[in-house]
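Enquirer: Just structure_20.csv, nothing more (CSV, C-alpha atoms and all ligand atoms):
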chain,number,residue,atom,x,y,z
A,1,MET,CA,106.2,37.3,-25.3
A,2,SER,CA,106.3,40.9,-24.1
A,3,GLU,CA,105.8,44.3,-25.5
A,4,ILE,CA,107.0,47.8,-24.6
A,5,ILE,CA,104.7,50.8,-25.2
A,6,LYS,CA,106.0,54.3,-25.0
A,7,VAL,CA,103.9,57.1,-23.5
A,8,GLY,CA,105.3,60.1,-25.2
A,9,LEU,CA,105.0,62.9,-22.7
A,10,GLY,CA,108.4,64.7,-23.2
A,11,ASP,CA,110.3,64.9,-20.0
A,12,ARG,CA,107.6,62.8,-18.2
A,13,ALA,CA,107.6,60.0,-20.9
A,14,TYR,CA,107.6,56.5,-19.6
A,15,ASP,CA,107.4,52.9,-20.8
A,16,ILE,CA,104.6,50.3,-20.2
A,17,HIS,CA,106.0,46.8,-20.1
A,18,VAL,CA,103.4,44.1,-20.9
A,19,GLY,CA,104.1,40.4,-20.7
A,20,GLY,CA,103.2,37.1,-19.2
A,21,GLY,CA,105.7,36.7,-16.3
A,22,MET,CA,106.9,40.4,-16.5
A,23,LEU,CA,107.0,40.5,-12.6
A,24,GLU,CA,110.2,38.5,-12.8
A,25,GLN,CA,111.8,41.4,-14.6
A,26,SER,CA,110.5,44.1,-12.3
A,27,GLY,CA,113.6,44.0,-10.1
A,28,ALA,CA,115.9,44.9,-12.9
A,29,LEU,CA,113.4,47.5,-14.3
A,30,LEU,CA,112.8,49.2,-11.0
A,31,LYS,CA,116.4,49.1,-9.8
A,32,THR,CA,117.3,51.8,-12.3
A,33,LEU,CA,114.7,54.1,-10.7
A,34,ALA,CA,115.0,53.2,-7.0
A,35,ARG,CA,117.1,54.9,-4.4
A,36,GLY,CA,116.9,53.9,-0.7
A,37,PRO,CA,114.1,51.9,0.7
A,38,VAL,CA,111.2,51.3,-1.8
A,39,PRO,CA,107.7,51.2,-0.3
A,40,VAL,CA,105.5,48.6,-2.0
A,41,VAL,CA,101.9,49.7,-1.5
A,42,THR,CA,99.4,46.9,-1.9
A,43,ASP,CA,96.0,45.7,-0.6
A,44,ALA,CA,95.3,42.8,1.7
A,45,HIS,CA,94.0,40.5,-1.0
A,46,VAL,CA,96.9,41.1,-3.4
A,47,ALA,CA,99.4,40.9,-0.5
A,48,ASP,CA,98.1,37.4,0.3
A,49,ILE,CA,98.6,36.2,-3.2
A,50,HIS,CA,101.4,38.2,-4.9
A,51,LEU,CA,103.4,40.1,-2.3
A,52,ALA,CA,105.9,37.4,-1.2
A,53,LYS,CA,106.9,36.8,-4.9
A,54,THR,CA,107.2,40.5,-5.5
A,55,GLN,CA,109.4,41.1,-2.4
A,56,ASP,CA,111.6,38.1,-3.5
A,57,VAL,CA,112.0,39.5,-7.0
A,58,LEU,CA,112.8,43.0,-5.8
A,59,GLY,CA,115.1,41.7,-3.1
A,60,LYS,CA,117.1,39.6,-5.6
A,61,ALA,CA,117.7,42.8,-7.6
A,62,GLY,CA,119.1,44.5,-4.4
A,63,ILE,CA,116.0,46.6,-3.7
A,64,ASP,CA,115.0,47.2,-0.1
A,65,ALA,CA,111.3,46.6,-0.6
A,66,ARG,CA,109.1,47.7,2.4
A,67,PRO,CA,105.4,46.5,2.1
A,68,ILE,CA,102.5,48.8,3.1
A,69,VAL,CA,99.3,46.8,3.1
A,70,MET,CA,96.0,48.7,2.9
A,71,PRO,CA,92.5,47.2,3.3
A,72,ALA,CA,91.2,45.9,0.0
A,73,GLY,CA,88.4,47.9,-1.7
A,74,GLU,CA,87.3,51.4,-2.4
A,75,VAL,CA,87.4,52.2,1.3
A,76,SER,CA,91.1,52.8,1.0
A,77,LYS,CA,90.6,55.5,-1.6
A,78,SER,CA,89.6,58.0,1.1
A,79,PHE,CA,91.0,60.8,3.2
A,80,ALA,CA,91.5,58.3,6.0
A,81,GLY,CA,93.3,55.9,3.7
A,82,LEU,CA,95.5,58.7,2.4
A,83,GLU,CA,96.4,59.9,5.9
A,84,LYS,CA,97.3,56.3,6.9
A,85,LEU,CA,99.4,55.8,3.8
A,86,CYS,CA,101.2,59.1,3.9
A,87,GLY,CA,101.9,58.6,7.6
A,88,GLN,CA,103.6,55.3,6.9
A,89,LEU,CA,105.6,56.8,4.0
A,90,LEU,CA,106.8,59.6,6.1
A,91,ASP,CA,107.7,57.2,8.9
A,92,MET,CA,109.9,55.4,6.3
A,93,GLU,CA,111.5,58.8,5.6
A,94,ILE,CA,110.8,58.6,1.9
A,95,ASP,CA,112.4,61.6,0.3
A,96,ARG,CA,111.8,63.4,-3.0
A,97,GLY,CA,114.5,61.2,-4.7
A,98,GLY,CA,112.6,58.0,-3.7
A,99,LEU,CA,110.4,55.7,-5.6
A,100,ILE,CA,107.0,54.3,-4.4
A,101,VAL,CA,105.6,51.1,-6.0
A,102,ALA,CA,101.9,50.5,-6.4
A,103,LEU,CA,101.1,46.8,-6.5
A,104,GLY,CA,97.4,46.2,-7.0
A,105,GLY,CA,94.3,47.2,-8.9
A,106,GLY,CA,92.9,50.7,-9.6
A,107,VAL,CA,92.3,51.4,-6.0
A,108,ILE,CA,95.9,51.0,-5.0
A,109,GLY,CA,97.2,52.7,-8.1
A,110,ASP,CA,94.9,55.7,-7.7
A,111,LEU,CA,95.6,56.0,-4.0
A,112,THR,CA,99.4,55.5,-4.2
A,113,GLY,CA,99.7,57.8,-7.2
A,114,PHE,CA,97.9,60.5,-5.4
A,115,ALA,CA,99.9,60.0,-2.2
A,116,ALA,CA,103.1,60.1,-4.3
A,117,GLY,CA,101.9,63.3,-6.0
A,118,VAL,CA,101.4,65.2,-2.8
A,119,LEU,CA,104.0,63.7,-0.5
A,120,LYS,CA,106.8,66.2,-0.1
A,121,ARG,CA,105.3,68.0,-3.2
A,122,GLY,CA,105.9,65.0,-5.4
A,123,VAL,CA,107.8,61.7,-5.3
A,124,ALA,CA,108.2,59.3,-8.2
A,125,PHE,CA,106.1,56.2,-8.4
A,126,ALA,CA,105.8,53.0,-10.4
A,127,GLN,CA,102.6,51.1,-11.3
A,128,VAL,CA,102.5,47.3,-11.1
A,129,PRO,CA,98.9,46.7,-11.9
A,130,THR,CA,97.3,43.4,-10.9
A,131,THR,CA,93.7,43.7,-12.3
A,132,LEU,CA,92.8,43.8,-16.0
A,133,LEU,CA,91.1,47.1,-15.4
A,134,ALA,CA,94.3,48.5,-14.0
A,135,GLN,CA,96.5,47.0,-16.7
A,136,VAL,CA,94.5,48.5,-19.6
A,137,ASP,CA,93.3,51.7,-18.0
A,138,SER,CA,93.9,53.1,-14.6
A,139,SER,CA,97.7,52.5,-14.4
A,140,VAL,CA,98.3,54.4,-17.6
A,141,GLY,CA,97.9,58.2,-18.0
A,142,GLY,CA,98.6,59.6,-14.6
A,143,LYS,CA,95.0,60.2,-13.3
A,144,THR,CA,95.2,59.7,-9.6
A,145,ALA,CA,92.5,60.4,-6.9
A,146,ILE,CA,90.7,59.6,-3.8
A,147,ASN,CA,87.0,59.8,-3.2
A,148,ALA,CA,85.1,62.5,-1.2
A,149,LYS,CA,81.7,62.1,0.5
A,150,GLN,CA,80.4,64.2,-2.4
A,151,GLY,CA,81.5,61.7,-5.0
A,152,LYS,CA,84.1,59.4,-6.5
A,153,ASN,CA,87.6,60.6,-7.7
A,154,LEU,CA,86.8,64.2,-6.8
A,155,ILE,CA,90.2,64.8,-5.0
A,156,GLY,CA,93.0,64.1,-7.3
A,157,LEU,CA,95.8,65.2,-9.5
A,158,PHE,CA,97.7,64.3,-12.6
A,159,HIS,CA,100.9,62.5,-11.6
A,160,GLN,CA,102.4,60.3,-14.2
A,161,PRO,CA,104.2,57.1,-13.1
A,162,ARG,CA,107.8,56.6,-14.1
A,163,ILE,CA,107.1,53.1,-15.4
A,164,VAL,CA,104.2,50.6,-15.7
A,165,ILE,CA,104.9,46.9,-15.4
A,166,ALA,CA,101.9,44.8,-16.4
A,167,ASP,CA,102.4,41.1,-15.8
A,168,THR,CA,99.4,39.4,-17.4
A,169,ALA,CA,100.1,36.2,-15.5
A,170,LEU,CA,99.0,37.9,-12.3
A,171,LEU,CA,95.5,38.0,-13.8
A,172,ALA,CA,95.1,34.2,-13.3
A,173,THR,CA,94.2,34.8,-9.7
A,174,LEU,CA,91.6,37.5,-10.4
A,175,PRO,CA,88.0,36.5,-9.7
A,176,ARG,CA,86.2,35.9,-13.1
A,177,ARG,CA,83.7,38.8,-12.4
A,178,GLU,CA,86.6,41.2,-11.9
A,179,LEU,CA,88.3,40.0,-15.0
A,180,LEU,CA,85.2,40.5,-17.1
A,181,ALA,CA,84.7,44.0,-15.6
A,182,GLY,CA,88.2,44.9,-16.7
A,183,TYR,CA,87.4,43.4,-20.1
A,184,ALA,CA,84.7,46.0,-20.6
A,185,GLU,CA,87.5,48.6,-20.8
A,186,VAL,CA,89.3,46.5,-23.4
A,187,ALA,CA,86.2,46.3,-25.6
A,188,LYS,CA,85.9,50.1,-25.1
A,189,TYR,CA,89.1,50.7,-27.1
A,190,GLY,CA,87.7,48.7,-30.0
A,191,ALA,CA,84.4,50.7,-29.9
A,192,LEU,CA,85.9,54.1,-29.4
A,193,GLY,CA,88.6,54.0,-32.1
A,194,ASP,CA,89.6,50.7,-33.7
A,195,ALA,CA,87.1,48.5,-35.5
A,196,ASP,CA,89.9,46.1,-36.5
A,197,PHE,CA,90.7,45.6,-32.9
A,198,PHE,CA,87.1,45.0,-32.2
A,199,ASN,CA,87.0,42.3,-34.9
A,200,TRP,CA,90.0,40.7,-33.3
A,201,LEU,CA,88.4,40.8,-29.9
A,202,GLU,CA,85.3,39.1,-31.2
A,203,ALA,CA,87.5,36.2,-32.4
A,204,ASN,CA,90.0,36.1,-29.6
A,205,ALA,CA,88.8,37.7,-26.4
A,206,ALA,CA,87.3,34.4,-25.0
A,207,LYS,CA,90.7,32.8,-25.6
A,208,ALA,CA,92.5,35.7,-23.9
A,209,LEU,CA,90.3,35.6,-20.8
A,210,GLY,CA,90.5,31.8,-20.8
A,211,GLY,CA,94.2,31.8,-20.1
A,212,ASP,CA,95.9,32.1,-23.5
A,213,SER,CA,98.9,34.2,-22.6
A,214,ALA,CA,99.8,35.5,-26.1
A,215,ALA,CA,96.2,36.6,-26.7
A,216,MET,CA,96.0,38.4,-23.3
A,217,VAL,CA,99.3,40.1,-23.9
A,218,LYS,CA,98.1,41.3,-27.2
A,219,ALA,CA,94.7,42.5,-25.8
A,220,VAL,CA,96.4,44.4,-22.9
A,221,ALA,CA,99.3,45.8,-25.0
A,222,HIS,CA,96.9,47.1,-27.8
A,223,SER,CA,94.7,48.7,-25.2
A,224,CYS,CA,97.7,50.4,-23.6
A,225,ARG,CA,98.9,51.6,-27.0
A,226,MET,CA,95.6,53.2,-27.7
A,227,LYS,CA,95.4,54.8,-24.3
A,228,ALA,CA,99.1,56.0,-24.5
A,229,ASP,CA,98.4,57.6,-27.9
A,230,ILE,CA,95.4,59.5,-26.6
A,231,VAL,CA,97.2,60.6,-23.4
A,232,ALA,CA,100.2,61.8,-25.3
A,233,ARG,CA,97.9,64.0,-27.5
A,234,ASP,CA,95.8,65.3,-24.6
A,235,GLU,CA,97.2,64.6,-21.2
A,236,ARG,CA,94.9,66.9,-19.3
A,237,GLU,CA,91.6,66.0,-21.0
A,238,THR,CA,90.9,69.2,-22.9
A,239,GLY,CA,89.9,67.2,-26.0
A,240,ASP,CA,90.4,63.7,-27.2
A,241,ARG,CA,91.1,62.1,-23.8
A,242,ALA,CA,87.4,62.4,-23.1
A,243,LEU,CA,86.8,59.6,-25.6
A,244,LEU,CA,88.1,57.2,-22.9
A,245,ASN,CA,85.0,58.1,-21.0
A,246,LEU,CA,82.8,56.2,-23.6
A,247,GLY,CA,80.0,54.6,-21.6
A,248,HIS,CA,81.0,56.4,-18.4
A,249,THR,CA,78.3,59.1,-18.1
A,250,PHE,CA,75.7,56.4,-18.1
A,251,GLY,CA,77.9,53.9,-16.2
A,252,HIS,CA,78.6,56.3,-13.3
A,253,ALA,CA,74.9,57.1,-13.0
A,254,LEU,CA,74.1,53.4,-12.8
A,255,GLU,CA,76.9,52.9,-10.2
A,256,ALA,CA,75.5,55.8,-8.2
A,257,ALA,CA,71.9,54.6,-8.5
A,258,THR,CA,73.0,51.2,-7.2
A,259,GLY,CA,74.9,52.7,-4.3
A,260,PHE,CA,78.4,51.9,-5.6
A,261,SER,CA,77.6,48.4,-4.3
A,262,ASP,CA,78.4,44.9,-5.2
A,263,ARG,CA,75.3,45.0,-7.5
A,264,LEU,CA,77.4,46.6,-10.2
A,265,LEU,CA,81.2,46.8,-10.6
A,266,HIS,CA,82.6,49.9,-12.3
A,267,GLY,CA,83.4,47.9,-15.5
A,268,GLU,CA,80.0,46.4,-15.5
A,269,GLY,CA,78.5,49.9,-15.4
A,270,VAL,CA,80.8,50.9,-18.2
A,271,ALA,CA,79.6,47.9,-20.3
A,272,ILE,CA,76.0,48.8,-19.9
A,273,GLY,CA,76.9,52.5,-20.4
A,274,MET,CA,78.6,51.8,-23.7
A,275,VAL,CA,75.6,49.9,-25.0
A,276,LEU,CA,73.3,52.8,-23.9
A,277,ALA,CA,75.7,55.3,-25.6
A,278,PHE,CA,75.4,53.2,-28.8
A,279,GLN,CA,71.6,53.1,-28.5
A,280,LEU,CA,71.5,56.8,-28.0
A,281,SER,CA,73.7,57.3,-31.1
A,282,VAL,CA,71.3,55.1,-33.1
A,283,LYS,CA,68.3,57.0,-31.7
A,284,LEU,CA,69.8,60.3,-32.8
A,285,GLY,CA,70.4,58.8,-36.3
A,286,LEU,CA,74.2,58.8,-36.0
A,287,ALA,CA,75.0,55.1,-35.9
A,288,PRO,CA,73.7,52.0,-37.7
A,289,GLY,CA,71.5,49.8,-35.4
A,290,GLN,CA,73.4,46.7,-36.4
A,291,ASP,CA,76.7,48.1,-35.0
A,292,ALA,CA,75.0,48.7,-31.6
A,293,GLU,CA,73.5,45.3,-31.6
A,294,ARG,CA,76.8,43.6,-32.6
A,295,PHE,CA,78.6,45.4,-29.7
A,296,ALA,CA,75.9,44.4,-27.2
A,297,ARG,CA,75.9,40.8,-28.5
A,298,HIS,CA,79.7,40.6,-28.0
A,299,LEU,CA,79.6,41.9,-24.4
A,300,LYS,CA,76.8,39.5,-23.6
A,301,ALA,CA,78.6,36.6,-25.2
A,302,MET,CA,81.6,37.3,-23.0
A,303,GLY,CA,79.3,37.2,-19.9
A,304,LEU,CA,79.0,40.9,-19.2
A,305,PRO,CA,75.7,42.7,-18.5
A,306,ALA,CA,74.6,44.7,-21.5
A,307,ALA,CA,71.3,46.2,-20.4
A,308,ILE,CA,69.9,48.0,-17.4
A,309,ALA,CA,67.6,44.9,-16.9
A,310,ASP,CA,70.8,42.8,-16.4
A,311,ILE,CA,71.5,44.6,-13.0
A,312,PRO,CA,70.3,42.4,-10.2
A,313,GLY,CA,67.6,44.0,-7.9
A,314,PRO,CA,65.2,46.8,-8.4
A,315,ARG,CA,65.6,48.7,-11.7
A,316,PRO,CA,67.0,52.2,-11.1
A,317,ASP,CA,64.4,54.8,-12.2
A,318,VAL,CA,65.0,57.2,-15.0
A,319,ASP,CA,64.8,60.4,-13.0
A,320,SER,CA,67.3,59.2,-10.4
A,321,LEU,CA,69.7,58.2,-13.2
A,322,VAL,CA,69.3,61.7,-14.9
A,323,ALA,CA,69.9,63.4,-11.5
A,324,ALA,CA,73.0,61.3,-11.0
A,325,MET,CA,74.3,62.3,-14.4
A,326,ALA,CA,73.9,66.0,-13.5
A,327,HIS,CA,76.4,65.5,-10.6
A,328,ASP,CA,79.0,63.9,-12.8
A,329,LYS,CA,82.5,65.6,-13.2
A,330,LYS,CA,81.8,65.7,-16.9
A,331,VAL,CA,79.0,68.3,-16.5
A,332,LYS,CA,80.2,71.7,-17.8
A,333,ASP,CA,78.1,74.9,-17.8
A,334,GLY,CA,75.1,72.7,-16.9
A,335,LYS,CA,75.4,70.5,-20.0
A,336,LEU,CA,76.1,66.8,-20.0
A,337,THR,CA,79.0,65.5,-22.0
A,338,PHE,CA,78.4,62.3,-23.9
A,339,ILE,CA,80.7,60.2,-26.0
A,340,LEU,CA,78.6,59.0,-29.0
A,341,LEU,CA,79.4,56.8,-31.9
A,342,ARG,CA,79.0,56.9,-35.7
A,343,GLY,CA,79.7,53.2,-35.8
A,344,LEU,CA,82.1,50.7,-34.3
A,345,GLY,CA,85.5,52.3,-33.9
A,346,GLN,CA,84.2,55.9,-34.5
A,347,SER,CA,83.5,57.9,-31.4
A,348,PHE,CA,83.2,61.6,-30.8
A,349,VAL,CA,82.6,64.0,-27.9
A,350,THR,CA,79.4,66.0,-27.8
A,351,ARG,CA,77.5,68.2,-25.4
A,352,ASP,CA,74.5,68.6,-27.8
A,353,VAL,CA,72.2,65.8,-26.7
A,354,PRO,CA,68.5,66.3,-26.1
A,355,ILE,CA,67.7,65.1,-22.6
A,356,ALA,CA,64.4,63.6,-23.9
A,357,ALA,CA,66.4,61.1,-26.0
A,358,VAL,CA,68.6,60.2,-23.1
A,359,LYS,CA,65.5,59.5,-21.0
A,360,ASP,CA,64.0,57.4,-23.8
A,361,VAL,CA,67.1,55.2,-24.0
A,362,LEU,CA,67.2,54.8,-20.2
A,363,ALA,CA,63.5,53.8,-20.1
A,364,ALA,CA,63.7,51.3,-23.0
B,401,LIG,P1,90.4,47.1,-7.1
B,401,LIG,O1,91.7,47.8,-7.1
B,401,LIG,O2,89.5,47.3,-6.0
B,401,LIG,O3,90.6,45.6,-7.4
B,401,LIG,C1,89.4,44.7,-7.4
B,401,LIG,C2,89.6,43.5,-6.5
B,401,LIG,O4,90.5,42.6,-7.0
B,401,LIG,C3,90.1,43.9,-5.1
B,401,LIG,O5,89.4,43.1,-4.1
B,401,LIG,C4,91.6,43.5,-5.1
B,401,LIG,O6,92.1,43.2,-3.9
B,401,LIG,C5,91.5,42.3,-6.0
B,401,LIG,N1,92.7,41.9,-6.8
B,401,LIG,C6,93.5,42.8,-7.4
B,401,LIG,N2,94.4,42.1,-8.1
B,401,LIG,C7,94.2,40.8,-7.9
B,401,LIG,C8,94.8,39.6,-8.4
B,401,LIG,N3,95.8,39.6,-9.3
B,401,LIG,N4,94.3,38.4,-8.0
B,401,LIG,C9,93.2,38.4,-7.1
B,401,LIG,N5,92.6,39.5,-6.6
B,401,LIG,C10,93.1,40.7,-7.0
B,401,LIG,O7,89.5,47.6,-8.4
B,401,LIG,P2,89.9,47.8,-9.9
B,401,LIG,O8,88.7,47.4,-10.7
B,401,LIG,O9,91.3,47.3,-10.3
B,401,LIG,O10,90.0,49.4,-10.0
B,401,LIG,C11,88.9,50.2,-9.7
B,401,LIG,C12,89.4,51.6,-9.3
B,401,LIG,O11,90.1,52.1,-10.4
B,401,LIG,C13,88.2,52.5,-9.0
B,401,LIG,O12,88.5,53.2,-7.8
B,401,LIG,C14,88.2,53.5,-10.2
B,401,LIG,O13,87.8,54.8,-9.8
B,401,LIG,C15,89.7,53.5,-10.6
B,401,LIG,N6,89.9,53.9,-12.0
B,401,LIG,C16,90.9,54.8,-12.2
B,401,LIG,C17,91.2,55.1,-13.5
B,401,LIG,C18,92.3,56.1,-13.7
B,401,LIG,O14,92.5,56.5,-14.9
B,401,LIG,N7,93.1,56.5,-12.7
B,401,LIG,C19,90.6,54.5,-14.6
B,401,LIG,C20,89.6,53.6,-14.3
B,401,LIG,C21,89.3,53.2,-13.0
B,402,LIG,N1,90.0,56.4,-17.5
B,402,LIG,C1,89.9,57.6,-18.3
B,402,LIG,C2,91.2,58.3,-18.4
B,402,LIG,O1,92.2,57.9,-18.0
B,402,LIG,O2,91.2,59.4,-18.9
Can the structure from this file be put into structure tokens for me?
Ligand code: NAD
Ligand code: GLY

Expert:
Amino acid sequence: MSEIIKVGLGDRAYDIHVGGGMLEQSGALLKTLARGPVPVVTDAHVADIHLAKTQDVLGKAGIDARPIVMPAGEVSKSFAGLEKLCGQLLDMEIDRGGLIVALGGGVIGDLTGFAAGVLKRGVAFAQVPTTLLAQVDSSVGGKTAINAKQGKNLIGLFHQPRIVIADTALLATLPRRELLAGYAEVAKYGALGDADFFNWLEANAAKALGGDSAAMVKAVAHSCRMKADIVARDERETGDRALLNLGHTFGHALEAATGFSDRLLHGEGVAIGMVLAFQLSVKLGLAPGQDAERFARHLKAMGLPAAIADIPGPRPDVDSLVAAMAHDKKVKDGKLTFILLRGLGQSFVTRDVPIAAVKDVLAA
């Protein structure tokens, strides 16, 4: 079972191919875009598990695949990582007619996309996402970036991939905690714009994460379809695309307050952040309390943290969380942007939130 989702961006339109075993077809799909040697950028963990098979599949299609293996983890999304990657790409004499493949999670996708965007003023790239987070979120939509010492994702550009190939079978090797963190972004789509999808997730998400291929393909494909629709409407985030940041203002603050450490993965921060956004919406009289409770109950049932108290270690204090929010990219004219909800599947963007209510929710 597989699905193709179109990202309608005119002359930069592309397809997302989602399926169990889709990697097998990546040779044929990439062959039409490739010219000359094709760098396959990956990280050390993914290289150990999935690189040999990928090289084999691409080789059989007649593609001269050249691996570039970066250290695993956020450390590679750095100026040093970018310099190392660009150096290797230049040594391979990749020209503007070439194609670079990103095989990995959001770190590899963001770094490779950024390098492809700036190398020789822009080289085409393909995303082959290997984490659930990357399959449903970071590989789609063309946001690419590295981190600066001042904060995450501050150096970046929009550079759309030419194709996304999401093989859900690759998720079988992902540690459970990473799978769950990615699942937070799947649940996000239900909360932000599709109550029917949320109903479906309540009934089927455990099955999908438990290895049911058809259910996982549906969860990934539906998430990609929702993201593709939003990106096609608002590629540069001047409006609706901000809805994809549901839970992120709170989530980023929690990640910052826990030192971007193993205490809290990005998706875990988003999970707690979405519950806080729901609670803030209830506090402001916008959303029914039972929707917020139902959403938190589902995340908990899946095994995700759903409250600040679920973060191991000392509880981040309210003032440091508010200070971290003030540094967020989403601050404009000194005002915080929040995505709030009127209920499950009904989100909206607002900059009109009293800080006292935010503090109350953080302290609860
Ligand atoms: P990641 O890329 O670090 O991957 C998580 C871990 O899983 C790594 O250790 C990796 O080596 C390992 N891994 C990857 N695939 C595997 C597999 N199939 N089997 C076993 N192990 C595997 O992290 P992530 O969660 O995929 O992405 C997080 C990054 O994505 C952050 O840098 C974040 O800023 C970025 N992001 C970008 C966007 C965007 O729109 N561009 C959106 C969301 C997040
Ligand atoms: N992950 C949010 C976005 O792509 O806009």

Enquirer: So which one's closest to Ala116 of chain A, A:Phe260, A:Phe79, A:Tyr189, A:Phe158? Using all atoms listed in the file, please.

Expert: A:Phe158

Enquirer: Counting all atoms listed in the file, what is within 9 Å of Gly211 of chain A, bar same-chain residues fewer than 4 positions away, as a PyMOL selection string?

Expert: chain A and resi 169+171-172+206-207+215-216

Enquirer: What residues of the protein or nucleic acid chains come within 7 Å of ligand LIG 402 (chain B) when you use all atoms listed in the file? Reply as a ChimeraX atom specification.

Expert: /A:137-138,141,143,237,241-242,244-245

Enquirer: Counting all atoms listed in the file, which residues in segment 121-237 of chain A sit no more than 9 Å from segment 109-115 of chain A? For each one, give the nearest pair of atoms and the distance in Å, sorted by chain then residue number, as a tab-separated table.

Expert:
residue	atom	partner	partner_atom	distance
A:Gly122	CA	A:Ala115	CA	8.4
A:Val123	CA	A:Ala115	CA	8.7
A:Ala124	CA	A:Gly113	CA	8.7
A:Phe125	CA	A:Gly113	CA	6.7
A:Ala126	CA	A:Gly113	CA	8.4
A:Gln127	CA	A:Gly109	CA	6.5
A:Val128	CA	A:Gly109	CA	8.1
A:Pro129	CA	A:Gly109	CA	7.3
A:Ala134	CA	A:Gly109	CA	7.8
A:Ser138	CA	A:Gly109	CA	7.3
A:Ser139	CA	A:Gly109	CA	6.3
A:Gly142	CA	A:Gly113	CA	7.7
A:Lys143	CA	A:Asp110	CA	7.2
A:Thr144	CA	A:Asp110	CA	4.4
A:Ala145	CA	A:Asp110	CA	5.3
A:Ile146	CA	A:Leu111	CA	6.1
A:Asn153	CA	A:Asp110	CA	8.8
A:Ile155	CA	A:Phe114	CA	8.8
A:Gly156	CA	A:Phe114	CA	6.4
A:Leu157	CA	A:Phe114	CA	6.6
A:Phe158	CA	A:Phe114	CA	8.1
A:His159	CA	A:Gly113	CA	6.5
A:Gln160	CA	A:Gly113	CA	7.9
A:Pro161	CA	A:Gly113	CA	7.5

Enquirer: Give as a ChimeraX atom specification each residue that has an atom at most 8 Å from (73.6, 46.6, -17.8) in the file, counting only C-alpha atoms.

Expert: /A:268-269,271-273,304-311

Enquirer: Find, counting all atoms listed in the file, the residue in A:Gly151, A:Gly117, A:Gly98, A:Gly182 that gets nearest to ligand LIG 401 (chain B).

Expert: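 Closest to ligand LIG 401 (chain B), using all atoms listed in the file: A:Gly182.
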
Enquirer: Dump as a Markdown table the rows for residues of chain A within 6 Å of ligand LIG 401 (chain B): closest atom pair and distance in Å with one decimal, all atoms listed in the file counted, ordered by chain and rising residue number.

Expert:
| residue | atom | partner | partner_atom | distance |
| --- | --- | --- | --- | --- |
| A:Asp43 | CA | B:LIG401 | O6 | 5.7 |
| A:His45 | CA | B:LIG401 | O6 | 4.4 |
| A:Val46 | CA | B:LIG401 | C10 | 5.2 |
| A:Ala72 | CA | B:LIG401 | O6 | 4.8 |
| A:Gly73 | CA | B:LIG401 | O2 | 4.5 |
| A:Glu74 | CA | B:LIG401 | O12 | 5.8 |
| A:Gly104 | CA | B:LIG401 | C6 | 5.2 |
| A:Gly105 | CA | B:LIG401 | O1 | 3.2 |
| A:Gly106 | CA | B:LIG401 | O10 | 3.2 |
| A:Val107 | CA | B:LIG401 | O1 | 3.8 |
| A:Ile108 | CA | B:LIG401 | O1 | 5.7 |
| A:Asp110 | CA | B:LIG401 | N7 | 5.4 |
| A:Thr130 | CA | B:LIG401 | N2 | 4.2 |
| A:Thr131 | CA | B:LIG401 | N2 | 4.5 |
| A:Leu133 | CA | B:LIG401 | O9 | 5.1 |
| A:Ala134 | CA | B:LIG401 | O9 | 4.9 |
| A:Asp137 | CA | B:LIG401 | C19 | 5.2 |
| A:Ser138 | CA | B:LIG401 | C18 | 3.5 |
| A:Lys143 | CA | B:LIG401 | N7 | 4.2 |
| A:Thr144 | CA | B:LIG401 | N7 | 4.9 |
| A:Leu170 | CA | B:LIG401 | N3 | 4.7 |
| A:Leu171 | CA | B:LIG401 | N3 | 4.8 |
| A:Thr173 | CA | B:LIG401 | N4 | 4.0 |
| A:Leu174 | CA | B:LIG401 | N4 | 3.7 |

Enquirer: Give as a PyMOL selection string each residue that has an atom at most 12 Å from (87.8, 47.7, -30.7) in the file, counting only C-alpha atoms.

Expert: chain A and resi 183-205+219+222-223+226+291+294-295+298-299+343-347

Enquirer: Write a file of the just-selected residues containing C-alpha atoms, as a tab-separated table (two decimals), keeping the file's coordinate frame.

Expert:
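Heads up, here's the output in out.tsv:
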chain	number	residue	atom	x	y	z
A	183	TYR	CA	87.40	43.40	-20.10
A	184	ALA	CA	84.70	46.00	-20.60
A	185	GLU	CA	87.50	48.60	-20.80
A	186	VAL	CA	89.30	46.50	-23.40
A	187	ALA	CA	86.20	46.30	-25.60
A	188	LYS	CA	85.90	50.10	-25.10
A	189	TYR	CA	89.10	50.70	-27.10
A	190	GLY	CA	87.70	48.70	-30.00
A	191	ALA	CA	84.40	50.70	-29.90
A	192	LEU	CA	85.90	54.10	-29.40
A	193	GLY	CA	88.60	54.00	-32.10
A	194	ASP	CA	89.60	50.70	-33.70
A	195	ALA	CA	87.10	48.50	-35.50
A	196	ASP	CA	89.90	46.10	-36.50
A	197	PHE	CA	90.70	45.60	-32.90
A	198	PHE	CA	87.10	45.00	-32.20
A	199	ASN	CA	87.00	42.30	-34.90
A	200	TRP	CA	90.00	40.70	-33.30
A	201	LEU	CA	88.40	40.80	-29.90
A	202	GLU	CA	85.30	39.10	-31.20
A	203	ALA	CA	87.50	36.20	-32.40
A	204	ASN	CA	90.00	36.10	-29.60
A	205	ALA	CA	88.80	37.70	-26.40
A	219	ALA	CA	94.70	42.50	-25.80
A	222	HIS	CA	96.90	47.10	-27.80
A	223	SER	CA	94.70	48.70	-25.20
A	226	MET	CA	95.60	53.20	-27.70
A	291	ASP	CA	76.70	48.10	-35.00
A	294	ARG	CA	76.80	43.60	-32.60
A	295	PHE	CA	78.60	45.40	-29.70
A	298	HIS	CA	79.70	40.60	-28.00
A	299	LEU	CA	79.60	41.90	-24.40
A	343	GLY	CA	79.70	53.20	-35.80
A	344	LEU	CA	82.10	50.70	-34.30
A	345	GLY	CA	85.50	52.30	-33.90
A	346	GLN	CA	84.20	55.90	-34.50
A	347	SER	CA	83.50	57.90	-31.40
